[in-house]
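To be precise, the following lines are target36.txt, and they hold compact mmCIF, C-alpha atoms and all ligand atoms.
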# COMPACT_ATOMS: atom_id res chain seq x y z
CA MET A 1 72.62 118.86 135.72
CA THR A 2 69.08 119.66 134.67
CA ALA A 3 66.45 117.73 136.64
CA VAL A 4 63.67 116.23 134.57
CA THR A 5 60.36 115.95 136.39
CA ALA A 6 58.46 112.68 136.43
CA PRO A 7 54.93 112.45 135.01
CA ALA A 8 52.02 113.62 137.16
CA ASP A 9 51.74 111.58 140.31
CA PHE A 10 48.90 112.29 142.67
CA ALA A 11 49.46 109.33 144.99
CA GLY A 12 48.23 110.06 148.51
CA GLN A 13 46.43 113.21 147.39
CA VAL A 14 42.71 113.96 147.37
CA ALA A 15 40.72 115.89 144.78
CA ILE A 16 37.14 117.07 144.46
CA VAL A 17 35.86 117.38 140.89
CA THR A 18 32.49 119.06 140.36
CA GLY A 19 30.52 117.86 137.37
CA GLY A 20 32.63 114.71 137.59
CA GLY A 21 29.82 112.47 136.37
CA SER A 22 30.22 113.30 132.71
CA GLY A 23 32.30 114.82 129.93
CA ILE A 24 35.40 116.77 130.85
CA GLY A 25 34.83 116.36 134.60
CA ARG A 26 34.79 112.58 134.32
CA ALA A 27 37.98 112.58 132.25
CA VAL A 28 39.74 114.86 134.75
CA ALA A 29 38.63 112.67 137.66
CA LEU A 30 39.91 109.56 135.89
CA ARG A 31 43.19 111.25 134.94
CA TRP A 32 43.68 112.16 138.61
CA ALA A 33 42.95 108.54 139.58
CA VAL A 34 45.44 107.25 136.99
CA GLY A 35 48.01 109.38 138.82
CA GLY A 36 47.11 107.53 142.02
CA GLY A 37 44.96 110.18 143.73
CA ASP A 38 41.71 109.62 145.62
CA VAL A 39 38.81 111.48 144.09
CA VAL A 40 35.33 112.70 145.03
CA VAL A 41 33.04 113.51 142.12
CA VAL A 42 30.19 115.95 142.72
CA GLY A 43 27.00 116.56 140.75
CA ARG A 44 23.26 116.18 140.89
CA ARG A 45 22.77 112.84 139.08
CA THR A 46 23.87 110.02 141.33
CA GLY A 47 23.94 107.33 138.63
CA SER A 48 26.53 109.01 136.43
CA LEU A 49 28.64 109.98 139.45
CA GLU A 50 28.68 106.37 140.63
CA GLU A 51 29.74 105.28 137.17
CA THR A 52 32.73 107.63 137.29
CA ALA A 53 33.63 106.50 140.80
CA GLY A 54 33.49 102.86 139.69
CA LEU A 55 35.80 103.58 136.76
CA ALA A 56 38.22 105.48 139.01
CA GLU A 57 38.37 102.62 141.52
CA ARG A 58 39.81 100.40 138.80
CA TYR A 59 43.03 102.35 139.25
CA GLY A 60 43.22 101.25 142.87
CA VAL A 61 42.25 104.57 144.41
CA ARG A 62 39.44 105.53 146.77
CA ALA A 63 36.63 107.18 144.81
CA GLU A 64 33.32 108.58 145.98
CA ALA A 65 30.18 109.82 144.27
CA ALA A 66 28.73 112.76 146.20
CA ALA A 67 25.34 114.13 145.18
CA CYS A 68 25.27 117.88 145.73
CA ASP A 69 24.01 120.92 143.86
CA VAL A 70 26.85 123.46 143.76
CA ARG A 71 24.26 126.25 144.04
CA ASP A 72 23.58 125.19 147.65
CA ALA A 73 26.34 126.89 149.67
CA ASP A 74 25.51 125.09 152.91
CA ALA A 75 25.48 121.66 151.28
CA VAL A 76 28.77 122.44 149.50
CA GLY A 77 30.39 123.56 152.77
CA ALA A 78 29.23 120.43 154.62
CA LEU A 79 30.41 118.14 151.82
CA VAL A 80 33.85 119.72 151.53
CA ASP A 81 34.38 119.65 155.31
CA ARG A 82 33.32 116.01 155.44
CA VAL A 83 35.66 115.01 152.59
CA ALA A 84 38.60 116.83 154.19
CA ALA A 85 37.87 115.16 157.55
CA ASP A 86 37.42 111.68 156.02
CA HIS A 87 40.67 111.83 154.07
CA GLY A 88 42.58 114.03 156.47
CA ARG A 89 43.51 116.36 153.61
CA LEU A 90 42.30 118.10 150.47
CA ASP A 91 44.81 118.81 147.72
CA ALA A 92 42.81 119.81 144.67
CA LEU A 93 39.48 121.24 143.63
CA VAL A 94 38.33 121.27 140.02
CA ASN A 95 35.40 123.61 139.43
CA ASN A 96 34.02 122.04 136.29
CA ALA A 97 30.24 121.96 136.85
CA ALA A 98 28.34 124.17 134.42
CA GLY A 99 25.02 124.81 132.79
CA ASN A 100 24.58 126.36 129.38
CA PHE A 101 22.19 126.91 126.49
CA VAL A 102 22.00 129.29 123.58
CA SER A 103 19.58 132.18 123.88
CA ALA A 104 19.40 135.68 122.47
CA ALA A 105 20.01 138.01 125.40
CA GLU A 106 16.69 139.79 124.93
CA ASP A 107 14.82 136.46 125.18
CA LEU A 108 16.66 135.22 128.26
CA SER A 109 14.46 135.21 131.37
CA PRO A 110 15.81 136.27 134.77
CA GLY A 111 15.39 132.63 135.80
CA GLY A 112 17.53 131.45 132.89
CA TRP A 113 20.21 134.01 133.72
CA ARG A 114 20.17 132.99 137.38
CA ALA A 115 20.34 129.24 136.67
CA VAL A 116 23.59 129.56 134.73
CA VAL A 117 25.21 132.29 136.83
CA ASP A 118 24.35 130.41 140.02
CA ILE A 119 25.96 127.19 138.83
CA VAL A 120 29.01 128.67 137.13
CA LEU A 121 29.92 131.76 139.14
CA ASN A 122 28.31 131.30 142.54
CA GLY A 123 28.87 127.53 142.60
CA THR A 124 32.55 128.04 141.83
CA PHE A 125 32.85 130.52 144.67
CA TYR A 126 31.03 128.31 147.19
CA CYS A 127 33.26 125.33 146.36
CA THR A 128 36.44 127.39 146.32
CA HIS A 129 35.58 129.19 149.55
CA ALA A 130 34.95 125.87 151.33
CA ALA A 131 37.95 124.02 149.87
CA GLY A 132 40.28 127.02 150.07
CA ARG A 133 39.98 127.18 153.86
CA HIS A 134 41.30 123.63 154.19
CA MET A 135 44.05 124.26 151.66
CA LEU A 136 45.15 127.48 153.33
CA ALA A 137 45.22 125.77 156.72
CA ALA A 138 47.46 123.05 155.25
CA GLY A 139 49.59 125.55 153.31
CA ARG A 140 49.13 123.71 150.01
CA GLY A 141 46.55 123.10 147.34
CA ALA A 142 45.48 123.69 143.77
CA VAL A 143 42.20 125.03 142.44
CA LEU A 144 41.42 124.65 138.76
CA ASN A 145 38.48 126.49 137.21
CA VAL A 146 37.16 125.35 133.86
CA ILE A 147 36.12 128.36 131.81
CA ALA A 148 35.73 129.17 128.10
CA SER A 149 37.48 131.76 125.95
CA TYR A 150 34.36 133.89 125.70
CA ALA A 151 35.19 134.85 129.29
CA TRP A 152 37.49 137.44 127.70
CA HIS A 153 36.17 137.92 124.15
CA GLY A 154 32.43 137.47 124.70
CA HIS A 155 30.08 135.47 122.50
CA PRO A 156 26.62 136.25 121.13
CA GLY A 157 23.94 133.86 122.38
CA THR A 158 25.66 132.96 125.64
CA VAL A 159 25.56 136.16 127.69
CA HIS A 160 24.79 134.26 130.91
CA SER A 161 27.65 131.80 130.53
CA ALA A 162 30.14 134.35 129.16
CA ALA A 163 29.43 136.75 132.04
CA ALA A 164 29.70 133.95 134.59
CA LYS A 165 32.92 132.54 133.13
CA GLY A 166 34.33 136.08 132.97
CA GLY A 167 33.55 136.39 136.66
CA VAL A 168 35.31 133.11 137.34
CA LEU A 169 38.38 134.39 135.49
CA ALA A 170 38.44 137.53 137.66
CA MET A 171 37.91 135.36 140.75
CA THR A 172 40.81 133.16 139.71
CA ARG A 173 43.24 136.04 139.35
CA THR A 174 42.08 137.65 142.58
CA LEU A 175 42.41 134.50 144.67
CA ALA A 176 45.67 133.53 142.99
CA ALA A 177 47.24 136.74 144.25
CA GLU A 178 45.52 136.51 147.62
CA TRP A 179 46.64 132.93 148.25
CA ALA A 180 49.98 132.61 146.42
CA GLY A 181 52.03 133.34 149.53
CA ARG A 182 50.15 130.65 151.44
CA GLY A 183 50.80 127.73 149.11
CA VAL A 184 47.52 127.64 147.21
CA ARG A 185 47.51 128.01 143.43
CA VAL A 186 44.42 129.00 141.44
CA ASN A 187 44.31 128.63 137.66
CA CYS A 188 41.90 128.34 134.75
CA LEU A 189 41.66 125.82 131.97
CA SER A 190 39.86 127.01 128.86
CA PRO A 191 38.85 124.17 126.54
CA GLY A 192 37.64 124.76 123.00
CA PRO A 193 34.79 122.75 121.50
CA THR A 194 34.96 119.37 123.20
CA GLU A 195 33.00 116.24 122.30
CA THR A 196 30.68 115.85 125.28
CA GLU A 197 27.01 114.96 125.43
CA GLY A 198 26.24 117.96 127.59
CA ALA A 199 27.81 120.52 125.29
CA GLY A 200 26.53 118.80 122.15
CA ALA A 201 22.95 118.88 123.43
CA ALA A 202 23.20 122.44 124.73
CA LEU A 203 25.27 124.13 122.04
CA TRP A 204 25.45 122.14 118.78
CA PRO A 205 22.37 119.91 118.69
CA THR A 206 22.13 119.75 114.88
CA ASP A 207 24.63 118.75 112.19
CA GLU A 208 24.47 122.26 110.78
CA ALA A 209 25.29 123.84 114.16
CA ARG A 210 28.09 121.34 114.67
CA GLN A 211 29.59 122.21 111.28
CA ARG A 212 29.48 125.91 112.13
CA VAL A 213 31.33 125.31 115.38
CA LEU A 214 33.86 123.12 113.60
CA ALA A 215 34.46 125.80 110.96
CA SER A 216 35.47 128.19 113.75
CA VAL A 217 38.40 126.01 114.84
CA PRO A 218 41.67 126.52 112.91
CA ALA A 219 42.84 123.05 113.97
CA GLY A 220 39.83 121.68 112.10
CA ARG A 221 38.61 119.30 114.77
CA PHE A 222 36.86 119.08 118.10
CA THR A 223 38.94 118.00 121.08
CA THR A 224 38.21 115.16 123.48
CA PRO A 225 37.68 115.21 127.25
CA GLU A 226 40.79 113.04 127.63
CA GLU A 227 42.95 115.53 125.72
CA VAL A 228 41.66 118.37 127.90
CA ALA A 229 42.29 116.29 131.04
CA GLU A 230 46.01 116.07 130.26
CA SER A 231 46.29 119.85 130.55
CA ALA A 232 44.27 119.75 133.75
CA ALA A 233 46.70 117.20 135.18
CA PHE A 234 49.61 119.49 134.37
CA LEU A 235 48.06 122.47 136.14
CA LEU A 236 47.07 120.38 139.16
CA ASP A 237 50.54 118.89 139.56
CA GLY A 238 52.47 121.06 142.01
CA ARG A 239 55.79 119.59 140.91
CA ARG A 240 55.36 120.59 137.28
CA ALA A 241 53.18 123.69 137.60
CA GLY A 242 54.11 124.80 141.10
CA TYR A 243 55.04 128.30 139.93
CA VAL A 244 51.94 128.74 137.75
CA THR A 245 49.12 130.66 139.35
CA GLY A 246 46.44 133.07 138.20
CA ASP A 247 46.79 132.01 134.59
CA VAL A 248 44.68 130.43 131.86
CA LEU A 249 45.75 127.43 129.81
CA THR A 250 43.78 127.52 126.58
CA VAL A 251 43.27 124.18 124.85
CA ASP A 252 41.17 125.16 121.85
CA GLY A 253 42.93 124.35 118.58
CA GLY A 254 43.36 128.08 118.01
CA GLN A 255 39.62 128.72 118.08
CA TRP A 256 39.67 132.07 119.81
CA LEU A 257 42.46 133.31 117.54
CA GLY A 258 40.72 132.07 114.43
CA ARG A 259 39.06 135.25 113.40
CA ALA A 260 41.23 135.90 110.36
CA VAL A 261 40.01 136.46 106.82
CA TYR A 262 43.00 134.79 105.08
CA THR A 263 42.98 131.70 107.25
CA ASP A 264 45.93 129.94 105.56
CA GLY A 265 47.96 133.16 105.38
CA THR A 266 47.41 133.70 101.68
CA ARG A 267 44.72 135.43 99.66
CA GLY A 268 44.00 132.13 97.96
CA GLY A 269 45.68 132.97 94.63
CA GLY A 270 45.04 135.79 92.24
CA ALA A 271 46.76 139.17 92.12
C1 LIG B 301 28.05 128.52 121.57
C2 LIG B 301 28.91 128.02 120.43
C3 LIG B 301 30.10 127.20 120.82
C4 LIG B 301 31.27 127.98 121.24
C5 LIG B 301 32.47 127.15 121.43
C6 LIG B 301 32.47 126.29 122.66
C7 LIG B 301 32.49 127.03 123.97
C8 LIG B 301 31.57 126.35 124.94
C9 LIG B 301 31.76 126.83 126.31
C10 LIG B 301 30.88 126.25 127.33
C11 LIG B 301 30.32 125.04 127.25
C12 LIG B 301 29.46 124.54 128.33
O1 LIG B 301 29.24 125.12 129.36
S1 LIG B 301 28.80 123.04 128.02
C13 LIG B 301 27.94 122.53 129.46
C14 LIG B 301 26.62 122.06 129.06
N1 LIG B 301 26.07 121.26 130.09
C15 LIG B 301 24.91 121.54 130.67
O2 LIG B 301 24.25 122.54 130.37
C16 LIG B 301 24.43 120.55 131.69
C17 LIG B 301 23.68 121.13 132.83
N2 LIG B 301 22.51 121.91 132.36
C18 LIG B 301 21.44 122.15 133.11
O3 LIG B 301 21.38 121.70 134.24
C19 LIG B 301 20.33 122.97 132.52
O4 LIG B 301 20.51 123.06 131.14
C20 LIG B 301 20.22 124.39 133.13
C21 LIG B 301 19.07 125.11 132.49
C22 LIG B 301 21.48 125.18 132.91
C23 LIG B 301 19.96 124.30 134.66
O5 LIG B 301 18.94 123.41 134.94
P1 LIG B 301 17.86 123.69 136.10
O6 LIG B 301 17.11 122.42 136.29
O7 LIG B 301 18.48 124.29 137.27
O8 LIG B 301 17.01 124.78 135.46
P2 LIG B 301 15.54 124.78 134.84
O9 LIG B 301 14.60 124.86 135.98
O10 LIG B 301 15.36 123.72 133.82
O11 LIG B 301 15.60 126.19 134.10
C24 LIG B 301 16.03 127.36 134.77
C25 LIG B 301 15.68 128.54 133.90
O12 LIG B 301 16.43 128.47 132.68
C26 LIG B 301 15.52 128.56 131.57
N3 LIG B 301 16.01 127.74 130.46
C27 LIG B 301 16.42 126.47 130.53
N4 LIG B 301 16.78 126.02 129.33
C28 LIG B 301 16.60 127.05 128.46
C29 LIG B 301 16.80 127.21 127.06
N5 LIG B 301 17.28 126.23 126.30
N6 LIG B 301 16.52 128.41 126.53
C30 LIG B 301 16.04 129.41 127.28
N7 LIG B 301 15.83 129.32 128.62
C31 LIG B 301 16.11 128.14 129.20
C32 LIG B 301 14.21 128.02 132.13
O13 LIG B 301 13.11 128.48 131.38
C33 LIG B 301 14.21 128.59 133.53
O14 LIG B 301 13.87 129.94 133.51
P3 LIG B 301 12.47 130.48 134.13
O15 LIG B 301 11.40 129.72 133.41
O16 LIG B 301 12.50 131.93 133.84
O17 LIG B 301 12.53 130.16 135.59
N1 LIG B 302 32.34 120.83 125.98
C1 LIG B 302 32.81 122.00 125.54
O1 LIG B 302 32.88 122.24 124.34
C2 LIG B 302 33.31 123.01 126.50
C3 LIG B 302 33.09 122.89 127.85
N2 LIG B 302 33.58 123.85 128.70
C4 LIG B 302 33.38 123.73 130.14
O2 LIG B 302 33.80 122.44 130.54
C5 LIG B 302 33.06 122.05 131.68
C6 LIG B 302 32.46 120.69 131.46
O3 LIG B 302 31.56 120.72 130.38
P1 LIG B 302 31.13 119.40 129.60
O4 LIG B 302 31.86 118.24 130.14
O5 LIG B 302 31.18 119.70 128.18
O6 LIG B 302 29.58 119.33 129.96
P2 LIG B 302 28.70 118.34 130.82
O7 LIG B 302 27.29 118.77 130.63
O8 LIG B 302 29.06 116.92 130.54
O9 LIG B 302 29.19 118.65 132.29
C7 LIG B 302 28.58 119.51 133.14
C8 LIG B 302 28.56 118.84 134.50
O10 LIG B 302 28.14 119.77 135.48
C9 LIG B 302 27.28 119.12 136.37
N3 LIG B 302 26.38 120.09 136.94
C10 LIG B 302 25.53 120.94 136.28
N4 LIG B 302 24.85 121.68 137.13
C11 LIG B 302 25.26 121.32 138.36
C12 LIG B 302 24.91 121.74 139.66
N5 LIG B 302 23.99 122.68 139.85
N6 LIG B 302 25.54 121.17 140.72
C13 LIG B 302 26.47 120.21 140.54
N7 LIG B 302 26.85 119.77 139.33
C14 LIG B 302 26.24 120.32 138.25
C15 LIG B 302 26.52 118.09 135.53
O11 LIG B 302 26.10 116.99 136.33
P3 LIG B 302 24.61 116.86 136.87
O12 LIG B 302 23.69 117.19 135.75
O13 LIG B 302 24.56 115.45 137.36
O14 LIG B 302 24.51 117.83 138.00
C16 LIG B 302 27.60 117.66 134.56
O15 LIG B 302 28.28 116.52 135.03
C17 LIG B 302 32.04 123.16 131.93
O16 LIG B 302 32.56 124.06 132.86
C18 LIG B 302 31.94 123.82 130.58
O17 LIG B 302 31.49 125.14 130.67
C19 LIG B 302 34.28 124.93 128.25
C20 LIG B 302 34.52 125.09 126.93
C21 LIG B 302 34.05 124.14 125.95
Rewrite the structure from the file as structure tokens, please.
Amino acid sequence: MTAVTAPADFAGQVAIVTGGGSGIGRAVALRWAVGGGDVVVVGRRTGSLEETAGLAERYGVRAEAAACDVRDADAVGALVDRVAADHGRLDALVNNAAGNFVSAAEDLSPGGWRAVVDIVLNGTFYCTHAAGRHMLAAGRGAVLNVIASYAWHGHPGTVHSAAAKGGVLAMTRTLAAEWAGRGVRVNCLSPGPTETEGAGAALWPTDEARQRVLASVPAGRFTTPEEVAESAAFLLDGRRAGYVTGDVLTVDGGQWLGRAVYTDGTRGGGA
């Protein structure tokens, strides 16, 4: 008889979610908590992290707000070691923290390039390096890296973020192969335009910009952090996605495919 798996259940497990104080990171942290897992949310702004932790605790789990800049490798290492020691385990890491803004490449300063690449690419490596050692020692774990589809198709105006996310994609596939035989899965989640304050302020601050982004999505709508978090939960759940590693789950309403001229498959009438 075919066995049907139960919904995600993270009871007794521990996750670290970077950028867990807002947007997609908060939704992923709360989705993990709904599944019964303890969660540590990491970011720079203590207030928003504490808010997430408070919301997570309503589900009866242990939740902690940990202030840390993912660009600081030593601080990341100390935090991850402390969390693993406190809980006696570390099951999941979600690399969700990011910085972004739109700038023509020729106007981007070295400092602007560094800020984004340090958060997205280097920060992801520091967190993964620190967490991966605990996971490898335990012979189990899941790393989920939040990227964007321009990691593979590029995108004018976001050369820093696209290059960094592309690096994260290559890192994901490399580590997935390196760690698959030792029980640690590494995957990417690639959301499309998602209603978050951070992305709205950074990428579509005006109604006109927002309409242009919306017009690029065949599904005709933005997604929500909660909808994205459901896909994150799937990839983090070793019972449902235990054989998935090194891959990208794209949750974008067809945005990256939506480059057609005849978008409804017809020429719109006429001979
Ligand atoms: C796309 C379509 C949808 C496409 C469809 C949807 C796909 C979206 C995919 C991805 C979405 C996201 O990532 S959304 C995530 C958005 N969230 C965030 O950005 C939140 C976090 N952001 C931040 O912390 C900041 O914005 C960030 C600049 C990145 C880092 O802050 P820091 O305090 O470390 O940095 P600062 O000291 O302020 O600045 C560092 C340098 O960056 C420069 N800099 C800062 N803002 C700048 C700006 N707007 N334009 C130019 N340059 C800027 C400064 O001048 C500094 O350079 P020097 O003066 O030379 O030193
Ligand atoms: N929203 C969208 O349309 C899309 C988003 N994504 C990706 O989803 C993820 C979440 O984005 P979203 O929720 O929209 O944006 P947010 O701005 O809400 O989230 C970014 C988070 O990263 C944290 N962060 C930023 N810099 C650092 C740092 N140096 N150290 C630690 N934490 C940091 C921020 O917290 P704090 O400021 O407190 O440090 C914040 O909580 C990102 O990886 C983004 O690239 C991908 C595709 C589309």
Residues within 9 Å of region 111-120 of chain A, all atoms listed in the file, excluding chain neighbours under 3 positions, as an mmCIF file with C-alpha atoms, keeping the file's coordinate frame:
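around29.cif was written with the following content:
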data_model
loop_
_atom_site.group_PDB
_atom_site.id
_atom_site.type_symbol
_atom_site.label_atom_id
_atom_site.label_comp_id
_atom_site.auth_asym_id
_atom_site.auth_seq_id
_atom_site.Cartn_x
_atom_site.Cartn_y
_atom_site.Cartn_z
ATOM 1 C CA ASP A 69 24.010 120.920 143.860
ATOM 2 C CA VAL A 70 26.850 123.460 143.760
ATOM 3 C CA ARG A 71 24.260 126.250 144.040
ATOM 4 C CA ASN A 95 35.400 123.610 139.430
ATOM 5 C CA ASN A 96 34.020 122.040 136.290
ATOM 6 C CA ALA A 97 30.240 121.960 136.850
ATOM 7 C CA ALA A 98 28.340 124.170 134.420
ATOM 8 C CA GLY A 99 25.020 124.810 132.790
ATOM 9 C CA ASN A 100 24.580 126.360 129.380
ATOM 10 C CA PHE A 101 22.190 126.910 126.490
ATOM 11 C CA LEU A 108 16.660 135.220 128.260
ATOM 12 C CA GLY A 123 28.870 127.530 142.600
ATOM 13 C CA THR A 124 32.550 128.040 141.830
ATOM 14 C CA PHE A 125 32.850 130.520 144.670
ATOM 15 C CA ILE A 147 36.120 128.360 131.810
ATOM 16 C CA VAL A 159 25.560 136.160 127.690
ATOM 17 C CA HIS A 160 24.790 134.260 130.910
ATOM 18 C CA SER A 161 27.650 131.800 130.530
ATOM 19 C CA ALA A 163 29.430 136.750 132.040
ATOM 20 C CA ALA A 164 29.700 133.950 134.590
ATOM 21 C CA LYS A 165 32.920 132.540 133.130
ATOM 22 C CA GLY A 167 33.550 136.390 136.660
ATOM 23 C CA VAL A 168 35.310 133.110 137.340
#
Could you name the residues that touch region 22-25 of chain A at 7 Å or less, counting all atoms listed in the file, but leaving out those on the same chain fewer than 6 positions away, as a ChimeraX atom specification? /A:48,96,196-197,225,229
Contact residues around Val80 (chain A) with all atoms listed in the file at 8 Å, ignoring same-chain residues under 5 positions, as a PyMOL selection string: chain A and resi 127+130-131
Between CA of Asp81 (chain A) and CA of Ala138 (chain A), what is the distance, to one decimal in Å? 13.5 Å
May I have the residues within 7 Å of region 176-192 of chain A as number ranges by chain, using only C-alpha atoms and disregarding those fewer than 4 positions away in the same chain? A: 135-136, 139-149, 172, 228, 232, 245-253, 255
Which residue is closest to Cys68 (chain A)? Choose from A:Gly258, A:Gly154, A:Gly88, A:Gly20 and count only C-alpha atoms.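 Selected residue with least distance to Cys68 (chain A): A:Gly20.
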Between A:Arg259, A:Arg133, A:Arg173, A:Arg44, single out the one closest to Leu93 (chain A), counting all atoms listed in the file.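 Looking at the shortest contact to Leu93 (chain A), the residue is A:Arg133.
Here CA of Tyr150 (chain A) is placed at a distance of 18.6 Å from CA of Glu106 (chain A).
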As AutoDock Vina command-line options, please: the centre and edge lengths in Å, to one decimal, of an axis-aligned box enclosing every listed atom of region 144-148 of chain A with 5 Å added on each side.
--center_x 38.6 --center_y 126.9 --center_z 133.4 --size_x 15.7 --size_y 14.5 --size_z 20.7
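One distance worth recording is that between CA of Arg267 (chain A) and CA of His153 (chain A), which is 26.1 Å.
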Tell me, as a PyMOL selection string, which residues lie within 10 Å of Val213 (chain A), counting only C-alpha atoms; anything in the same chain fewer than 4 positions away does not count. chain A and resi 192-193+203-204+207-209+217+220-222+255
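Of the residues listed (A:Ala27, A:Val14, A:Leu175, A:Val261), A:Val14 shows the shortest atom-to-atom separation from Arg62 (chain A); distances use all atoms listed in the file.
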Quick one: of A:Ala73, A:Leu235, A:Ala215, A:Leu257, who's nearest to ligand LIG 302 (chain B), counting all atoms listed in the file?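 Residue with the minimum atom-to-atom distance to ligand LIG 302 (chain B): A:Ala73.
Minimum atom-to-atom distances from A:Leu79, A:Leu236, A:Leu55, A:Leu214 to ligand LIG 301 (chain B) were compared using only C-alpha atoms and all ligand atoms, and the lowest value belongs to A:Leu214.
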Could region 121-172 of chain A be written out with C-alpha atoms, as a PDB file, in the first residue's frame, please?
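As written to disk, selection.pdb reads:
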ATOM      1  CA  LEU A 121      26.950  35.695  -0.609  1.00  0.00           C
ATOM      2  CA  ASN A 122      29.474  35.929   2.216  1.00  0.00           C
ATOM      3  CA  GLY A 123      26.819  35.953   4.945  1.00  0.00           C
ATOM      4  CA  THR A 124      25.251  32.819   3.493  1.00  0.00           C
ATOM      5  CA  PHE A 125      28.617  31.083   3.467  1.00  0.00           C
ATOM      6  CA  TYR A 126      29.497  32.103   7.037  1.00  0.00           C
ATOM      7  CA  CYS A 127      26.151  30.827   8.354  1.00  0.00           C
ATOM      8  CA  THR A 128      26.267  27.645   6.299  1.00  0.00           C
ATOM      9  CA  HIS A 129      29.879  26.918   7.227  1.00  0.00           C
ATOM     10  CA  ALA A 130      29.093  27.299  10.945  1.00  0.00           C
ATOM     11  CA  ALA A 131      25.783  25.396  10.887  1.00  0.00           C
ATOM     12  CA  GLY A 132      27.003  22.759   8.439  1.00  0.00           C
ATOM     13  CA  ARG A 133      29.690  21.550  10.842  1.00  0.00           C
ATOM     14  CA  HIS A 134      27.065  20.746  13.481  1.00  0.00           C
ATOM     15  CA  MET A 135      24.785  19.119  10.927  1.00  0.00           C
ATOM     16  CA  LEU A 136      27.572  16.996   9.463  1.00  0.00           C
ATOM     17  CA  ALA A 137      28.628  15.883  12.939  1.00  0.00           C
ATOM     18  CA  ALA A 138      25.037  14.810  13.636  1.00  0.00           C
ATOM     19  CA  GLY A 139      24.602  13.246  10.192  1.00  0.00           C
ATOM     20  CA  ARG A 140      21.417  15.199   9.454  1.00  0.00           C
ATOM     21  CA  GLY A 141      20.264  18.673   8.557  1.00  0.00           C
ATOM     22  CA  ALA A 142      18.738  20.931   5.948  1.00  0.00           C
ATOM     23  CA  VAL A 143      19.998  24.232   4.603  1.00  0.00           C
ATOM     24  CA  LEU A 144      17.652  26.410   2.593  1.00  0.00           C
ATOM     25  CA  ASN A 145      18.978  29.412   0.683  1.00  0.00           C
ATOM     26  CA  VAL A 146      16.545  32.071  -0.466  1.00  0.00           C
ATOM     27  CA  ILE A 147      17.585  33.365  -3.870  1.00  0.00           C
ATOM     28  CA  ALA A 148      15.854  35.027  -6.841  1.00  0.00           C
ATOM     29  CA  SER A 149      15.491  33.869 -10.429  1.00  0.00           C
ATOM     30  CA  TYR A 150      17.914  36.505 -11.684  1.00  0.00           C
ATOM     31  CA  ALA A 151      20.564  34.220 -10.171  1.00  0.00           C
ATOM     32  CA  TRP A 152      20.359  32.352 -13.483  1.00  0.00           C
ATOM     33  CA  HIS A 153      18.867  34.846 -15.960  1.00  0.00           C
ATOM     34  CA  GLY A 154      20.356  38.117 -14.682  1.00  0.00           C
ATOM     35  CA  HIS A 155      18.500  41.391 -14.272  1.00  0.00           C
ATOM     36  CA  PRO A 156      19.438  44.959 -15.218  1.00  0.00           C
ATOM     37  CA  GLY A 157      19.700  47.271 -12.202  1.00  0.00           C
ATOM     38  CA  THR A 158      20.578  44.590  -9.672  1.00  0.00           C
ATOM     39  CA  VAL A 159      24.048  43.420 -10.683  1.00  0.00           C
ATOM     40  CA  HIS A 160      25.194  43.165  -7.043  1.00  0.00           C
ATOM     41  CA  SER A 161      22.235  41.066  -5.922  1.00  0.00           C
ATOM     42  CA  ALA A 162      22.074  38.947  -9.094  1.00  0.00           C
ATOM     43  CA  ALA A 163      25.794  38.132  -8.877  1.00  0.00           C
ATOM     44  CA  ALA A 164      25.516  37.322  -5.175  1.00  0.00           C
ATOM     45  CA  LYS A 165      22.414  35.155  -5.592  1.00  0.00           C
ATOM     46  CA  GLY A 166      24.096  33.412  -8.531  1.00  0.00           C
ATOM     47  CA  GLY A 167      27.000  32.662  -6.226  1.00  0.00           C
ATOM     48  CA  VAL A 168      24.614  31.278  -3.633  1.00  0.00           C
ATOM     49  CA  LEU A 169      23.084  29.005  -6.270  1.00  0.00           C
ATOM     50  CA  ALA A 170      26.535  27.645  -7.176  1.00  0.00           C
ATOM     51  CA  MET A 171      27.325  27.269  -3.471  1.00  0.00           C
ATOM     52  CA  THR A 172      24.096  25.349  -2.972  1.00  0.00           C
TER      53      THR A 172
END
